[in-house]
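*Asks:* Pasting data07.txt below, which is compact mmCIF, C-alpha atoms.
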```txt
# COMPACT_ATOMS: atom_id res chain seq x y z
CA MET A 1 0.42 -3.12 21.82
CA ASN A 2 3.56 -1.00 21.39
CA LEU A 3 5.92 -0.87 18.44
CA LYS A 4 9.23 -2.74 18.57
CA GLN A 5 12.14 -0.33 19.08
CA THR A 6 15.12 -1.20 16.91
CA TRP A 7 18.49 0.21 15.86
CA ARG A 8 20.44 -0.14 12.63
CA TRP A 9 23.88 -1.69 13.05
CA PHE A 10 26.32 -2.22 10.19
CA GLY A 11 28.10 -5.19 11.72
CA PRO A 12 31.39 -5.64 13.58
CA GLY A 13 33.00 -2.66 11.83
CA ASP A 14 30.31 -0.21 12.95
CA PRO A 15 31.72 2.50 15.26
CA VAL A 16 28.52 2.15 17.33
CA THR A 17 28.93 -1.16 19.14
CA LEU A 18 26.27 -3.57 20.32
CA THR A 19 27.21 -2.62 23.88
CA ASP A 20 26.50 1.01 23.01
CA ILE A 21 23.16 0.09 21.48
CA ARG A 22 21.99 -1.70 24.62
CA GLN A 23 22.22 1.66 26.43
CA THR A 24 19.98 3.50 23.94
CA GLY A 25 16.71 1.78 24.85
CA ALA A 26 16.50 -0.22 21.62
CA THR A 27 15.89 -3.95 21.99
CA GLY A 28 16.14 -5.14 18.39
CA ILE A 29 18.88 -4.92 15.78
CA VAL A 30 18.41 -4.06 12.12
CA THR A 31 21.33 -5.32 10.07
CA ALA A 32 22.51 -7.25 7.03
CA LEU A 33 25.40 -9.37 5.81
CA HIS A 34 27.01 -6.54 3.86
CA GLN A 35 29.99 -8.72 3.01
CA ILE A 36 27.86 -10.94 0.75
CA PRO A 37 28.02 -9.75 -2.90
CA HIS A 38 24.72 -8.57 -4.36
CA GLY A 39 22.85 -11.47 -5.91
CA ASP A 40 24.59 -14.22 -3.91
CA VAL A 41 22.88 -16.55 -1.43
CA TRP A 42 23.17 -15.73 2.26
CA PRO A 43 24.52 -18.94 3.85
CA ILE A 44 22.85 -20.22 7.01
CA ASP A 45 26.19 -20.39 8.83
CA ALA A 46 26.85 -16.70 8.18
CA ILE A 47 23.33 -15.75 9.28
CA ARG A 48 23.67 -17.75 12.51
CA GLU A 49 27.10 -16.30 13.21
CA ARG A 50 25.71 -12.76 13.02
CA GLN A 51 22.63 -13.78 15.02
CA ASP A 52 24.77 -15.33 17.77
CA GLU A 53 26.89 -12.19 17.98
CA ILE A 54 23.77 -10.08 18.49
CA ARG A 55 22.29 -12.47 21.03
CA ALA A 56 25.52 -12.42 23.02
CA ALA A 57 24.88 -8.71 23.57
CA SER A 58 21.37 -9.50 24.90
CA LEU A 59 19.70 -8.11 21.77
CA ASP A 60 17.83 -9.81 18.95
CA TRP A 61 18.13 -9.51 15.19
CA ALA A 62 14.68 -8.10 14.45
CA VAL A 63 14.87 -6.92 10.82
CA VAL A 64 17.05 -7.75 7.83
CA GLU A 65 18.01 -4.52 6.09
CA SER A 66 18.64 -5.32 3.36
CA ILE A 67 18.98 -8.24 1.02
CA THR A 68 20.03 -6.10 -1.91
CA VAL A 69 18.22 -6.65 -5.20
CA SER A 70 20.85 -6.97 -7.93
CA GLU A 71 20.97 -4.66 -10.94
CA ALA A 72 20.47 -7.76 -13.10
CA ILE A 73 17.05 -8.32 -11.48
CA LYS A 74 16.07 -4.66 -11.93
CA THR A 75 17.07 -4.65 -15.60
CA ARG A 76 16.04 -8.27 -16.26
CA THR A 77 19.36 -8.98 -17.92
CA GLY A 78 22.13 -11.52 -17.57
CA ALA A 79 21.70 -14.07 -14.80
CA TYR A 80 18.68 -12.32 -13.28
CA ARG A 81 16.55 -15.47 -13.08
CA GLN A 82 19.29 -17.22 -11.14
CA HIS A 83 19.57 -14.18 -8.88
CA ILE A 84 15.85 -14.46 -8.14
CA GLU A 85 16.24 -18.14 -7.27
CA ASP A 86 19.18 -17.25 -5.04
CA TYR A 87 17.07 -14.54 -3.38
CA LYS A 88 14.43 -17.16 -2.59
CA GLN A 89 17.10 -19.37 -1.05
CA SER A 90 18.32 -16.50 1.10
CA LEU A 91 14.75 -16.04 2.34
CA ARG A 92 14.55 -19.75 3.17
CA ASN A 93 17.82 -19.57 5.06
CA LEU A 94 16.69 -16.52 7.03
CA ALA A 95 13.40 -18.18 7.91
CA ALA A 96 15.28 -21.26 9.10
CA CYS A 97 17.01 -18.95 11.59
CA GLY A 98 13.74 -17.37 12.72
CA LEU A 99 14.06 -14.03 10.91
CA GLN A 100 10.73 -12.73 9.65
CA VAL A 101 11.07 -9.13 8.36
CA VAL A 102 13.14 -8.43 5.25
CA THR A 103 13.64 -4.95 3.82
CA TYR A 104 14.86 -4.19 0.28
CA ASN A 105 14.68 -1.36 -2.23
CA PHE A 106 14.31 -1.09 -5.99
CA MET A 107 16.36 2.06 -6.63
CA PRO A 108 18.38 1.79 -9.84
CA VAL A 109 22.19 2.27 -9.74
CA ASN A 110 22.41 4.44 -6.61
CA ASP A 111 20.97 3.69 -3.20
CA TRP A 112 20.21 6.77 -1.05
CA THR A 113 21.68 9.97 -2.50
CA ARG A 114 22.87 13.14 -0.75
CA THR A 115 25.15 16.03 -1.74
CA ASN A 116 26.44 17.01 1.72
CA LEU A 117 27.08 14.70 4.66
CA ASN A 118 28.08 17.48 7.08
CA TYR A 119 25.45 20.19 6.68
CA ALA A 120 25.88 22.64 9.57
CA MET A 121 22.83 23.14 11.77
CA PRO A 122 22.31 26.35 13.81
CA ASP A 123 23.09 24.49 17.06
CA GLY A 124 26.44 23.20 15.74
CA ALA A 125 25.27 19.68 14.92
CA LYS A 126 25.70 18.22 11.43
CA ALA A 127 23.01 16.73 9.19
CA LEU A 128 22.63 15.09 5.79
CA TYR A 129 21.55 17.37 2.95
CA PHE A 130 20.30 17.08 -0.63
CA ASN A 131 20.76 20.03 -3.00
CA TRP A 132 19.61 20.01 -6.63
CA PHE A 133 22.28 22.50 -7.72
CA ASP A 134 25.13 20.34 -6.45
CA LEU A 135 23.51 17.20 -7.84
CA ALA A 136 23.52 18.93 -11.24
CA VAL A 137 27.21 19.81 -10.77
CA PHE A 138 27.93 16.14 -10.25
CA ASP A 139 25.64 14.88 -13.00
CA ILE A 140 26.52 17.38 -15.74
CA HIS A 141 30.16 18.25 -15.01
CA LEU A 142 31.65 15.29 -13.11
CA LEU A 143 29.70 12.24 -14.19
CA LYS A 144 29.22 13.88 -17.62
CA ARG A 145 26.07 11.91 -18.33
CA PRO A 146 25.00 12.52 -21.95
CA ASN A 147 22.29 15.19 -22.22
CA ALA A 148 22.11 15.46 -18.42
CA ALA A 149 21.40 19.19 -18.59
CA ASP A 150 18.10 18.44 -20.33
CA ASP A 151 16.78 16.92 -17.10
CA TYR A 152 17.16 20.12 -15.05
CA PRO A 153 15.42 23.51 -15.16
CA ALA A 154 17.46 26.29 -16.79
CA ASN A 155 18.11 28.04 -13.46
CA VAL A 156 19.55 24.84 -11.98
CA VAL A 157 21.82 24.30 -15.00
CA ALA A 158 23.06 27.89 -14.79
CA GLU A 159 23.73 27.69 -11.04
CA ALA A 160 25.48 24.33 -11.47
CA GLU A 161 27.77 25.86 -14.11
CA ARG A 162 28.57 28.77 -11.80
CA ARG A 163 29.32 26.45 -8.88
CA PHE A 164 31.45 24.10 -10.96
CA ALA A 165 33.58 27.02 -12.12
CA SER A 166 34.18 28.03 -8.50
CA TYR A 167 34.82 24.58 -7.00
CA THR A 168 38.36 23.34 -6.50
CA THR A 169 39.46 19.90 -7.67
CA THR A 170 39.27 18.71 -4.06
CA GLN A 171 35.74 20.03 -3.66
CA CYS A 172 34.67 18.25 -6.85
CA GLU A 173 36.22 14.99 -5.68
CA GLN A 174 34.51 15.31 -2.32
CA LEU A 175 31.14 15.94 -3.98
CA ALA A 176 31.56 12.86 -6.18
CA ASP A 177 32.49 10.73 -3.17
CA ILE A 178 29.40 11.94 -1.28
CA VAL A 179 26.94 11.31 -4.12
CA MET A 180 28.35 7.81 -4.66
CA PHE A 181 28.82 7.05 -0.94
CA GLY A 182 26.41 4.11 -0.80
CA ILE A 183 25.98 1.73 2.12
CA PRO A 184 28.67 1.53 4.84
CA GLY A 185 30.60 -1.72 4.59
CA GLU A 186 29.93 -2.23 0.88
CA ALA A 187 32.17 -1.51 -2.12
CA LYS A 188 32.19 2.13 -3.23
CA GLN A 189 31.09 3.18 -6.68
CA THR A 190 33.38 4.91 -9.16
CA LEU A 191 32.47 7.35 -11.90
CA ALA A 192 33.33 4.76 -14.54
CA GLY A 193 31.31 2.09 -12.77
CA MET A 194 28.33 4.38 -12.39
CA ARG A 195 28.44 5.33 -16.08
CA ALA A 196 28.49 1.64 -17.02
CA LYS A 197 25.46 0.92 -14.81
CA LEU A 198 23.58 3.89 -16.24
CA ASP A 199 24.18 2.54 -19.74
CA THR A 200 22.23 -0.61 -18.85
CA TYR A 201 19.18 1.56 -18.15
CA ALA A 202 19.33 3.48 -21.43
CA ASP A 203 16.19 1.79 -22.80
CA ILE A 204 14.37 1.22 -19.49
CA ASN A 205 11.51 3.52 -18.54
CA ALA A 206 9.26 3.61 -15.46
CA ASP A 207 6.83 1.05 -16.87
CA ASP A 208 9.70 -1.33 -17.61
CA LEU A 209 11.06 -0.97 -14.09
CA ARG A 210 7.59 -1.54 -12.61
CA THR A 211 7.35 -4.73 -14.62
CA SER A 212 10.73 -5.83 -13.25
CA LEU A 213 9.53 -5.14 -9.70
CA THR A 214 6.23 -6.99 -10.05
CA ASP A 215 7.98 -9.86 -11.86
CA PHE A 216 10.45 -10.09 -8.95
CA LEU A 217 7.70 -9.90 -6.32
CA GLY A 218 5.55 -12.40 -8.19
CA GLU A 219 8.41 -14.86 -7.76
CA ILE A 220 9.49 -14.20 -4.17
CA ALA A 221 6.22 -13.25 -2.45
CA PRO A 222 4.71 -16.78 -2.63
CA VAL A 223 7.91 -18.12 -1.04
CA ALA A 224 7.75 -15.45 1.65
CA ASP A 225 4.09 -16.34 2.27
CA GLU A 226 5.03 -19.96 2.91
CA LEU A 227 7.90 -18.97 5.19
CA GLY A 228 5.96 -16.41 7.23
CA ILE A 229 8.33 -13.64 6.12
CA ARG A 230 7.11 -10.05 5.81
CA LEU A 231 8.70 -8.18 2.89
CA ALA A 232 9.13 -4.42 3.25
CA ILE A 233 10.07 -2.32 0.24
CA HIS A 234 11.87 0.93 1.08
CA PRO A 235 10.79 4.07 -0.81
CA ASP A 236 13.10 5.84 -3.24
CA ASP A 237 15.50 8.21 -1.51
CA PRO A 238 15.11 10.93 -2.67
CA PRO A 239 11.60 10.23 -4.01
CA PHE A 240 11.97 11.66 -7.51
CA PRO A 241 13.89 10.77 -10.69
CA ILE A 242 17.63 11.47 -10.69
CA PHE A 243 20.36 10.76 -13.25
CA GLY A 244 17.69 10.18 -15.88
CA LEU A 245 16.56 7.04 -14.04
CA PRO A 246 12.94 6.15 -13.29
CA ARG A 247 11.75 6.11 -9.68
CA ILE A 248 8.78 3.85 -9.03
CA VAL A 249 8.41 3.73 -5.22
CA SER A 250 7.91 7.38 -4.35
CA ARG A 251 4.17 8.12 -4.04
CA ALA A 252 0.95 6.62 -2.74
CA GLU A 253 0.03 5.54 -6.29
CA ASP A 254 3.27 3.56 -6.55
CA PHE A 255 2.46 1.53 -3.43
CA GLU A 256 -1.12 0.99 -4.59
CA TYR A 257 0.10 -0.33 -7.95
CA MET A 258 2.61 -2.70 -6.38
CA LEU A 259 0.18 -4.08 -3.79
CA GLU A 260 -2.61 -4.49 -6.33
CA LYS A 261 -0.39 -6.33 -8.81
CA VAL A 262 1.08 -8.60 -6.13
CA PRO A 263 -1.59 -8.92 -3.38
CA ASN A 264 0.24 -11.61 -1.38
CA VAL A 265 0.05 -11.06 2.36
CA SER A 266 3.86 -11.00 2.58
CA ASN A 267 4.12 -8.08 0.16
CA GLY A 268 4.44 -4.92 2.23
CA VAL A 269 6.16 -1.62 2.86
CA CYS A 270 8.95 -0.08 4.87
CA PHE A 271 7.27 3.25 5.69
CA CYS A 272 10.14 5.76 5.67
CA THR A 273 8.91 9.19 6.73
CA GLY A 274 12.14 10.88 5.67
CA SER A 275 12.17 9.51 2.13
CA LEU A 276 8.46 10.02 1.56
CA GLY A 277 8.50 13.37 3.36
CA ALA A 278 10.99 14.82 0.87
CA ASN A 279 8.19 14.76 -1.73
CA ALA A 280 5.89 17.71 -1.01
CA GLY A 281 3.01 15.92 -2.74
CA ASN A 282 2.92 13.07 -0.22
CA ASP A 283 0.35 13.14 2.60
CA LEU A 284 2.11 10.83 5.04
CA PRO A 285 -0.66 10.31 7.63
CA ALA A 286 -3.11 9.49 4.82
CA MET A 287 -0.60 7.11 3.24
CA ALA A 288 -0.04 5.31 6.55
CA ARG A 289 -3.79 5.02 7.06
CA LYS A 290 -4.30 3.60 3.56
CA LEU A 291 -1.40 1.14 3.73
CA GLY A 292 -2.57 -0.18 7.10
CA ASP A 293 -1.33 -3.67 7.88
CA ARG A 294 0.88 -3.65 4.79
CA ILE A 295 3.30 -1.54 6.82
CA HIS A 296 5.81 -4.17 7.94
CA PHE A 297 8.61 -1.87 9.11
CA VAL A 298 8.93 1.84 9.88
CA HIS A 299 11.78 4.35 9.52
CA LEU A 300 11.07 7.54 11.45
CA ARG A 301 13.01 10.68 10.56
CA ASN A 302 12.19 14.19 9.46
CA VAL A 303 13.16 16.59 6.69
CA ARG A 304 12.80 20.29 6.03
CA LYS A 305 12.48 21.44 2.42
CA ASP A 306 13.03 24.79 0.71
CA GLU A 307 11.34 26.37 -2.31
CA HIS A 308 13.70 24.58 -4.70
CA GLY A 309 13.00 21.10 -3.31
CA ASN A 310 16.36 20.92 -1.55
CA PHE A 311 16.10 19.38 1.91
CA PHE A 312 18.09 18.69 5.04
CA GLU A 313 17.37 16.04 7.64
CA ALA A 314 15.84 17.85 10.60
CA ALA A 315 15.52 16.68 14.19
CA HIS A 316 13.01 13.83 14.43
CA LEU A 317 10.17 15.98 15.81
CA ASP A 318 11.15 19.23 14.08
CA GLY A 319 10.56 19.16 10.33
CA ASP A 320 7.91 19.21 7.62
CA VAL A 321 6.63 15.75 8.58
CA ASP A 322 3.85 15.82 11.18
CA MET A 323 5.42 13.08 13.28
CA TYR A 324 2.57 13.10 15.80
CA ALA A 325 -0.01 12.39 13.09
CA VAL A 326 2.15 9.73 11.45
CA MET A 327 2.93 7.99 14.76
CA ARG A 328 -0.74 7.98 15.68
CA GLU A 329 -1.70 6.29 12.40
CA ILE A 330 1.02 3.68 12.75
CA LEU A 331 0.02 2.96 16.34
CA ALA A 332 -3.58 2.57 15.21
CA VAL A 333 -2.37 -0.08 12.76
CA GLN A 334 -0.37 -1.71 15.55
CA GLN A 335 -3.53 -2.25 17.58
CA ARG A 336 -5.00 -4.29 14.72
CA VAL A 337 -2.08 -6.62 14.00
CA GLN A 338 -0.68 -9.47 16.08
CA GLU A 339 3.06 -8.88 15.77
CA PRO A 340 4.86 -5.74 17.03
CA ILE A 341 5.74 -3.50 14.07
CA PRO A 342 9.46 -2.69 14.27
CA PHE A 343 10.56 0.91 13.92
CA ARG A 344 13.93 2.56 14.12
CA PRO A 345 15.06 6.17 14.52
CA ASP A 346 16.33 6.67 10.99
CA HIS A 347 19.46 8.77 10.73
CA GLY A 348 20.29 11.41 13.30
CA HIS A 349 22.42 14.50 13.66
CA GLN A 350 26.10 14.16 14.40
CA MET A 351 26.30 16.02 17.69
CA LEU A 352 28.08 16.41 21.05
CA ASP A 353 31.01 13.97 21.43
CA ASP A 354 30.19 12.30 18.12
CA LEU A 355 31.44 15.43 16.33
CA LYS A 356 34.94 14.37 17.38
CA LYS A 357 34.54 10.78 16.16
CA THR A 358 34.56 8.96 12.86
CA THR A 359 30.95 7.90 12.25
CA ASN A 360 28.85 6.50 9.44
CA PRO A 361 26.93 9.41 7.87
CA GLY A 362 23.49 9.63 9.44
CA TYR A 363 24.31 6.80 11.82
CA SER A 364 26.20 8.35 14.70
CA CYS A 365 25.00 7.24 18.12
CA ILE A 366 23.95 10.31 20.09
CA GLY A 367 21.73 11.91 17.43
CA ARG A 368 19.84 8.67 16.90
CA MET A 369 19.56 8.11 20.65
CA ARG A 370 18.00 11.57 20.95
CA GLY A 371 15.60 10.64 18.16
CA LEU A 372 14.71 7.32 19.75
CA ALA A 373 14.07 8.98 23.11
CA GLU A 374 11.80 11.58 21.50
CA LEU A 375 9.93 8.96 19.49
CA ARG A 376 9.48 6.67 22.49
CA GLY A 377 8.02 9.57 24.45
CA LEU A 378 5.71 10.47 21.58
CA GLU A 379 4.59 6.85 21.31
CA LEU A 380 3.85 6.60 25.04
CA GLY A 381 1.92 9.88 25.04
CA ILE A 382 -0.27 8.82 22.13
CA CYS A 383 -0.83 5.34 23.55
CA ARG A 384 -1.88 6.69 26.94
CA ALA A 385 -4.14 9.34 25.40
CA GLU A 386 -5.86 6.77 23.20
CA GLY A 387 -6.07 4.07 25.88
CA TRP A 388 -3.87 1.71 23.85
CA CYS A 389 -1.39 1.02 26.63
```
Would you encode the structure as structure tokens?
*Replies:*
Amino acid sequence: MNLKQTWRWFGPGDPVTLTDIRQTGATGIVTALHQIPHGDVWPIDAIRERQDEIRAASLDWAVVESITVSEAIKTRTGAYRQHIEDYKQSLRNLAACGLQVVTYNFMPVNDWTRTNLNYAMPDGAKALYFNWFDLAVFDIHLLKRPNAADDYPANVVAEAERRFASYTTTQCEQLADIVMFGIPGEAKQTLAGMRAKLDTYADINADDLRTSLTDFLGEIAPVADELGIRLAIHPDDPPFPIFGLPRIVSRAEDFEYMLEKVPNVSNGVCFCTGSLGANAGNDLPAMARKLGDRIHFVHLRNVRKDEHGNFFEAAHLDGDVDMYAVMREILAVQQRVQEPIPFRPDHGHQMLDDLKKTTNPGYSCIGRMRGLAELRGLELGICRAEGWC
């Protein structure tokens, strides 16, 4: 059995249209109701409206990415219990519409974080980039988080001070906008808002956040079991602590802890090779083999790291991640499970005509289409060689 080929779409405002997506080779859509505030119930009417729009383009809504977990749930403050009940209701409403795979993450305050959205590649394409020195510029000098410098090595602090002194006001504003970019279609963070959110985590360590996650999963996983929904937690991106915040979904041990504490069949993983690949300590093929049928969704992208731990997003088959080995392990899992595992080409270089267009960072069309074509070819080659298709 082959994997299900999907494509992330950010809704009607996405520059890449459903008509465009039909031409890429993808058959399933990965999307969310980004207009719904975090913590609120997703109404059935809104779900069906989005589903009908996708079906009208001869595609199907294959994966929900994501129902965002509110900060109240992560910190177990305020109306977090009500938010959990509302999350359950959203799952019920999605199941009523036939949706069965739901992705989410448990990253505090910031979702994915980068420091450059237009990193120049040798061939003229542009990629997403994470640089510790620029993150320290933002954290220490722009965000001005108390004692932020204590969280960085001395050489990073010194380089951040040198860079900050050389950056113009415009460059500093651009860096702040990039770090706080967030998810397309959702409200943007501000420095003041980010500081306020960070304050709520002042007394929360990694063990506390793990307890919040397992408490949350202990509530929603039984509901997902009943509904036939497969939950897929996305790894931290990047997979290490930033802004003094704990990161608890970054390594093999993190997944093992979560799955052991909440062993429900619905409790699973979104296996993101780009996020996990940014951590040099992760053995991705071994992780995929160990996770097995708990892999409910797959993001395939690649990264290339330097000696400082900075990384840029490489072409899908041209980075530090051994994509052949990872794909083979995932396809081996696919042969043992009944439902097609959905995957999508995660991110892609801005290239060719897309360089002249306004695109969502990482989500231009041509770069992802190149990635999907490469990954489909890799999948077919492995399947034929192994006698799986």
*Asks:* Counting all atoms listed in the file, figure out which residue out of A:His316, A:Lys126, A:Arg22, A:Arg210 gets nearest to A:Met351.
*Replies:*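 Of A:His316, A:Lys126, A:Arg22, A:Arg210, the one nearest A:Met351, counting all atoms listed in the file, is A:Lys126.
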*Asks:* Given the point (31.0, 16.4, -7.8) in the coordinates of this file, which residues lie within 10 Å, counting all atoms listed in the file, and how would they look as a list in words?
*Replies:* Thr115, Asp134, Leu135, Ala136, Val137, Phe138, Asp139, Ile140, His141, Leu142, Leu143, Phe164, Tyr167, Thr169, Thr170, Gln171, Cys172, Glu173, Gln174, Leu175, Ala176, Asp177, Ile178, Val179 and Met180 of chain A
*Asks:* Excluding A:Pro340 and its own-chain neighbours fewer than 2 positions away, which residues fall within 8 Å of it when counting only C-alpha atoms? Please give them as a VMD selection string.
*Replies:* chain A and resid 1 to 4 334 337 to 338 342
*Asks:* Excluding A:Gly11 and residues on its chain fewer than 6 positions from it, collect all residues at most 8 Å away from it, counting all atoms listed in the file, and give them as number ranges by chain.
*Replies:* A: 31-33
*Asks:* Considering only C-alpha atoms, tabulate each residue of stretch 20-86 of chain A that lies at most 12 Å from stretch 290-311 of chain A along with its nearest interatomic pair and the corresponding distance in Å to one decimal; arrange the rows by chain and ascending residue number and present them as a Markdown table.
*Replies:*
```
| residue | atom | partner | partner_atom | distance |
| --- | --- | --- | --- | --- |
| A:Val30 | CA | A:Phe297 | CA | 10.5 |
| A:Ala62 | CA | A:Phe297 | CA | 10.2 |
| A:Val63 | CA | A:Phe297 | CA | 8.2 |
| A:Val64 | CA | A:Phe297 | CA | 10.4 |
| A:Glu65 | CA | A:Phe297 | CA | 10.2 |
```
*Asks:* Name all residues at most 12 Å from A:Val41 (count all atoms listed in the file; drop same-chain ones fewer than 4 positions away) and give them as JSON, numbers by chain.
*Replies:* {"A": [33, 35, 36, 37, 45, 46, 47, 67, 68, 69, 70, 82, 83, 84, 85, 86, 87, 88, 89, 90, 91, 92, 93, 94]}
*Asks:* To one decimal place, how far is atom CA of A:Phe343 from atom CA of A:Ile248 in Å?
*Replies:* 23.2 Å
